[in-house]
file work_5.cif (mmCIF, C-alpha atoms)
data_protein
loop_
_atom_site.group_PDB
_atom_site.id
_atom_site.type_symbol
_atom_site.label_atom_id
_atom_site.label_comp_id
_atom_site.auth_asym_id
_atom_site.auth_seq_id
_atom_site.Cartn_x
_atom_site.Cartn_y
_atom_site.Cartn_z
ATOM 1 C CA MET S 1 115.562 157.488 111.127
ATOM 2 C CA SER S 2 112.398 155.777 109.967
ATOM 3 C CA THR S 3 109.227 157.229 108.487
ATOM 4 C CA ILE S 4 105.796 155.925 109.340
ATOM 5 C CA SER S 5 102.863 156.655 107.099
ATOM 6 C CA ILE S 6 99.326 156.332 108.455
ATOM 7 C CA GLN S 7 96.407 156.242 106.056
ATOM 8 C CA ALA S 8 92.715 156.338 106.877
ATOM 9 C CA PRO S 9 90.768 153.243 105.846
ATOM 10 C CA LEU S 10 88.617 153.565 102.759
ATOM 11 C CA THR S 11 84.897 153.707 103.619
ATOM 12 C CA VAL S 12 82.121 153.646 101.071
ATOM 13 C CA PRO S 13 78.480 154.214 102.100
ATOM 14 C CA VAL S 14 76.302 151.232 101.371
ATOM 15 C CA ALA S 15 73.661 153.206 99.427
ATOM 16 C CA ALA S 16 76.292 154.978 97.316
ATOM 17 C CA ALA S 17 77.923 151.667 96.521
ATOM 18 C CA ALA S 18 74.637 150.343 95.202
ATOM 19 C CA GLY S 19 74.213 153.377 92.889
ATOM 20 C CA ARG S 20 71.368 155.006 94.823
ATOM 21 C CA SER S 21 71.470 158.595 96.062
ATOM 22 C CA VAL S 22 71.178 159.136 99.769
ATOM 23 C CA SER S 23 68.673 161.778 100.830
ATOM 24 C CA THR S 24 68.647 163.031 104.352
ATOM 25 C CA ARG S 25 65.617 164.627 105.869
ATOM 26 C CA LEU S 26 66.121 167.687 108.037
ATOM 27 C CA ARG S 27 64.402 167.280 111.352
ATOM 28 C CA LEU S 28 63.750 170.471 113.313
ATOM 29 C CA THR S 29 63.329 169.850 116.998
ATOM 30 C CA ALA S 30 61.451 172.088 119.432
ATOM 31 C CA ARG S 31 64.735 173.553 120.603
ATOM 32 C CA GLY S 32 65.729 174.254 117.000
ATOM 33 C CA ARG S 33 62.410 175.981 116.282
ATOM 34 C CA ARG S 34 62.857 178.222 119.331
ATOM 35 C CA LEU S 35 66.367 179.105 118.189
ATOM 36 C CA LEU S 36 65.141 179.875 114.664
ATOM 37 C CA VAL S 37 62.365 182.140 115.995
ATOM 38 C CA ALA S 38 64.818 183.912 118.303
ATOM 39 C CA LEU S 39 67.264 184.522 115.438
ATOM 40 C CA ALA S 40 64.475 185.888 113.233
ATOM 41 C CA ALA S 41 63.151 188.172 115.994
ATOM 42 C CA ALA S 42 66.547 189.545 117.071
ATOM 43 C CA PRO S 43 66.835 192.273 114.360
ATOM 44 C CA VAL S 44 63.283 193.443 115.023
ATOM 45 C CA LEU S 45 63.845 193.634 118.765
ATOM 46 C CA GLY S 46 67.172 195.382 118.198
ATOM 47 C CA ALA S 47 65.530 198.030 116.000
ATOM 48 C CA ILE S 48 62.807 198.638 118.576
ATOM 49 C CA ALA S 49 65.362 198.965 121.375
ATOM 50 C CA PHE S 50 67.461 201.369 119.303
ATOM 51 C CA SER S 51 64.478 203.578 118.480
ATOM 52 C CA LEU S 52 63.414 203.698 122.127
ATOM 53 C CA LEU S 53 66.888 204.552 123.375
ATOM 54 C CA ALA S 54 67.888 206.962 120.599
ATOM 55 C CA GLY S 55 64.768 208.991 119.995
ATOM 56 C CA GLY S 56 62.280 208.102 122.648
ATOM 57 C CA SER S 57 62.985 211.085 124.843
ATOM 58 C CA ALA S 58 63.335 213.733 122.132
ATOM 59 C CA VAL S 59 60.912 216.625 122.428
ATOM 60 C CA ALA S 60 60.528 218.686 119.292
ATOM 61 C CA SER S 61 57.495 220.675 120.312
ATOM 62 C CA GLY S 62 59.490 223.759 121.286
ATOM 63 C CA GLU S 63 57.418 224.349 124.386
ATOM 64 C CA SER S 64 60.336 225.822 126.299
ATOM 65 C CA ALA S 65 61.463 228.110 123.451
ATOM 66 C CA GLU S 66 60.473 231.745 123.584
ATOM 67 C CA PRO S 67 58.858 233.227 120.476
ATOM 68 C CA VAL S 68 61.141 235.617 118.631
ATOM 69 C CA ALA S 69 59.739 238.660 116.880
ATOM 70 C CA PHE S 70 61.626 239.711 113.785
ATOM 71 C CA GLU S 71 61.609 242.012 110.783
ATOM 72 C CA THR S 72 62.786 241.014 107.337
ATOM 73 C CA VAL S 73 65.397 242.742 105.228
ATOM 74 C CA THR S 74 65.979 242.026 101.546
ATOM 75 C CA VAL S 75 69.649 241.501 100.668
ATOM 76 C CA LEU S 76 70.870 244.028 98.095
ATOM 77 C CA PRO S 77 73.964 243.712 95.885
ATOM 78 C CA GLY S 78 77.071 244.350 97.988
ATOM 79 C CA ASP S 79 75.368 243.613 101.308
ATOM 80 C CA THR S 80 77.105 241.359 103.810
ATOM 81 C CA LEU S 81 75.965 240.091 107.177
ATOM 82 C CA TRP S 82 78.369 242.568 108.748
ATOM 83 C CA SER S 83 76.825 245.548 106.915
ATOM 84 C CA ILE S 84 73.283 244.362 107.655
ATOM 85 C CA ALA S 85 74.171 243.886 111.341
ATOM 86 C CA ALA S 86 75.832 247.329 111.511
ATOM 87 C CA ASP S 87 72.755 248.978 109.937
ATOM 88 C CA ALA S 88 70.293 247.094 112.159
ATOM 89 C CA ALA S 89 72.074 247.790 115.468
ATOM 90 C CA PRO S 90 74.649 250.578 115.229
ATOM 91 C CA GLY S 91 75.395 250.643 118.973
ATOM 92 C CA VAL S 92 75.919 246.872 119.380
ATOM 93 C CA ASP S 93 78.915 244.704 118.488
ATOM 94 C CA PRO S 94 78.160 243.393 114.951
ATOM 95 C CA ARG S 95 79.491 239.921 115.836
ATOM 96 C CA GLU S 96 76.707 239.426 118.389
ATOM 97 C CA VAL S 97 74.086 240.633 115.904
ATOM 98 C CA ILE S 98 75.502 238.354 113.192
ATOM 99 C CA ASP S 99 75.317 235.355 115.544
ATOM 100 C CA ASP S 100 71.667 236.132 116.324
ATOM 101 C CA ILE S 101 70.848 236.609 112.631
ATOM 102 C CA LYS S 102 72.563 233.346 111.709
ATOM 103 C CA SER S 103 70.725 231.377 114.409
ATOM 104 C CA LEU S 104 67.365 232.971 113.563
ATOM 105 C CA ASN S 105 67.754 232.246 109.832
ATOM 106 C CA ASN S 106 69.417 228.853 110.347
ATOM 107 C CA LEU S 107 72.513 229.879 108.390
ATOM 108 C CA SER S 108 75.568 227.633 108.675
ATOM 109 C CA SER S 109 77.940 230.202 107.153
ATOM 110 C CA GLY S 110 78.068 233.930 106.472
ATOM 111 C CA MET S 111 77.133 233.507 102.809
ATOM 112 C CA ILE S 112 73.901 235.233 101.760
ATOM 113 C CA GLN S 113 72.307 235.548 98.340
ATOM 114 C CA VAL S 114 71.216 238.794 96.694
ATOM 115 C CA GLY S 115 67.425 239.076 96.849
ATOM 116 C CA ALA S 116 67.089 236.764 99.850
ATOM 117 C CA SER S 117 64.939 237.848 102.774
ATOM 118 C CA ILE S 118 66.892 237.846 106.042
ATOM 119 C CA ALA S 119 65.092 237.953 109.388
ATOM 120 C CA ILE S 120 66.455 240.509 111.880
ATOM 121 C CA PRO S 121 65.430 240.220 115.551
ATOM 122 C CA THR S 122 63.262 243.182 116.590
ATOM 123 C CA ALA S 123 65.527 243.730 119.581
ATOM 124 C CA TYR S 124 68.029 245.264 117.144
ATOM 125 C CA SER S 125 65.660 247.097 114.831
ATOM 126 C CA ASP S 126 64.953 250.821 115.228
#
call {"tool": "encode", "arguments": {"input": "work_5.cif", "output": "structure tokens"}}
result
Amino acid sequence: MSTISIQAPLTVPVAAAAGRSVSTRLRLTARGRRLLVALAAAPVLGAIAFSLLAGGSAVASGESAEPVAFETVTVLPGDTLWSIAADAAPGVDPREVIDDIKSLNNLSSGMIQVGASIAIPTAYSD
């Protein structure tokens, strides 16, 4: 078996051989300028498209929401949402009253603080 070795010929630039540095000038063609402008404008156009698609149709005016009348109750030591709901509407299932109280007061859990004012819908008040 024989082995063949191929080597590339040695090339030396003429200017480098003379000791001078070679400077190349970047030329930007019309096509290159259009591409550069398009690349710079792409994030801006993407952000505009995202804002139009994500939040363009959101209506936060609450025009379709009915106004809710409510009374406030101050939370005393030992009070829970269950006890407040049972006192506010003795003839109604406390779970329904608790759900309405939580949605009216924007509560994510059943935790309430002593001294806090809790809104109770007037539909349940005496």
call {"tool": "axis_aligned_box", "arguments": {"input": "work_5.cif", "around": "range 89-101 of chain S", "padding_each_side": "3 Å", "output": "JSON"}}
result
{"center_x": 75.2, "center_y": 243.0, "center_z": 116.0, "size_x": 14.6, "size_y": 21.3, "size_z": 12.7}
call {"tool": "resolve_selection", "arguments": {"input": "work_5.cif", "expression": "the PyMOL selection byres ((chain S and resi 80) around 8)", "output": "ChimeraX atom specification"}}
result
/S:78-79,81-84,110-112
call {"tool": "atom_distance", "arguments": {"input": "work_5.cif", "atom1": "CA of Arg25 in chain S", "atom2": "CA of Pro9 in chain S"}}
result
27.6 Å
call {"tool": "closest_residue", "arguments": {"input": "work_5.cif", "among": "S:Ile118, S:Ile4, S:Leu107, S:Ala47", "to": "Phe70 in chain S", "atoms": "all atoms listed in the file"}}
result
S:Ile118
call {"tool": "resolve_selection", "arguments": {"input": "work_5.cif", "expression": "the PyMOL selection byres ((chain S and resi 115) around 8)", "output": "MDAnalysis selection string"}}
result
chainID S and resid 74:76 113:114 116:117
call {"tool": "resolve_selection", "arguments": {"input": "work_5.cif", "expression": "the PyMOL selection byres ((chain S and resi 124) around 6)", "output": "list of chain:residue names"}}
result
S:Ala88, S:Ala89, S:Pro121, S:Thr122, S:Ala123, S:Ser125
call {"tool": "atom_distance", "arguments": {"input": "work_5.cif", "atom1": "CA of Arg34 in chain S", "atom2": "CA of Leu53 in chain S"}}
result
26.9 Å
call {"tool": "atom_distance", "arguments": {"input": "work_5.cif", "atom1": "CA of Asp87 in chain S", "atom2": "CA of Asp99 in chain S"}}
result
15.0 Å
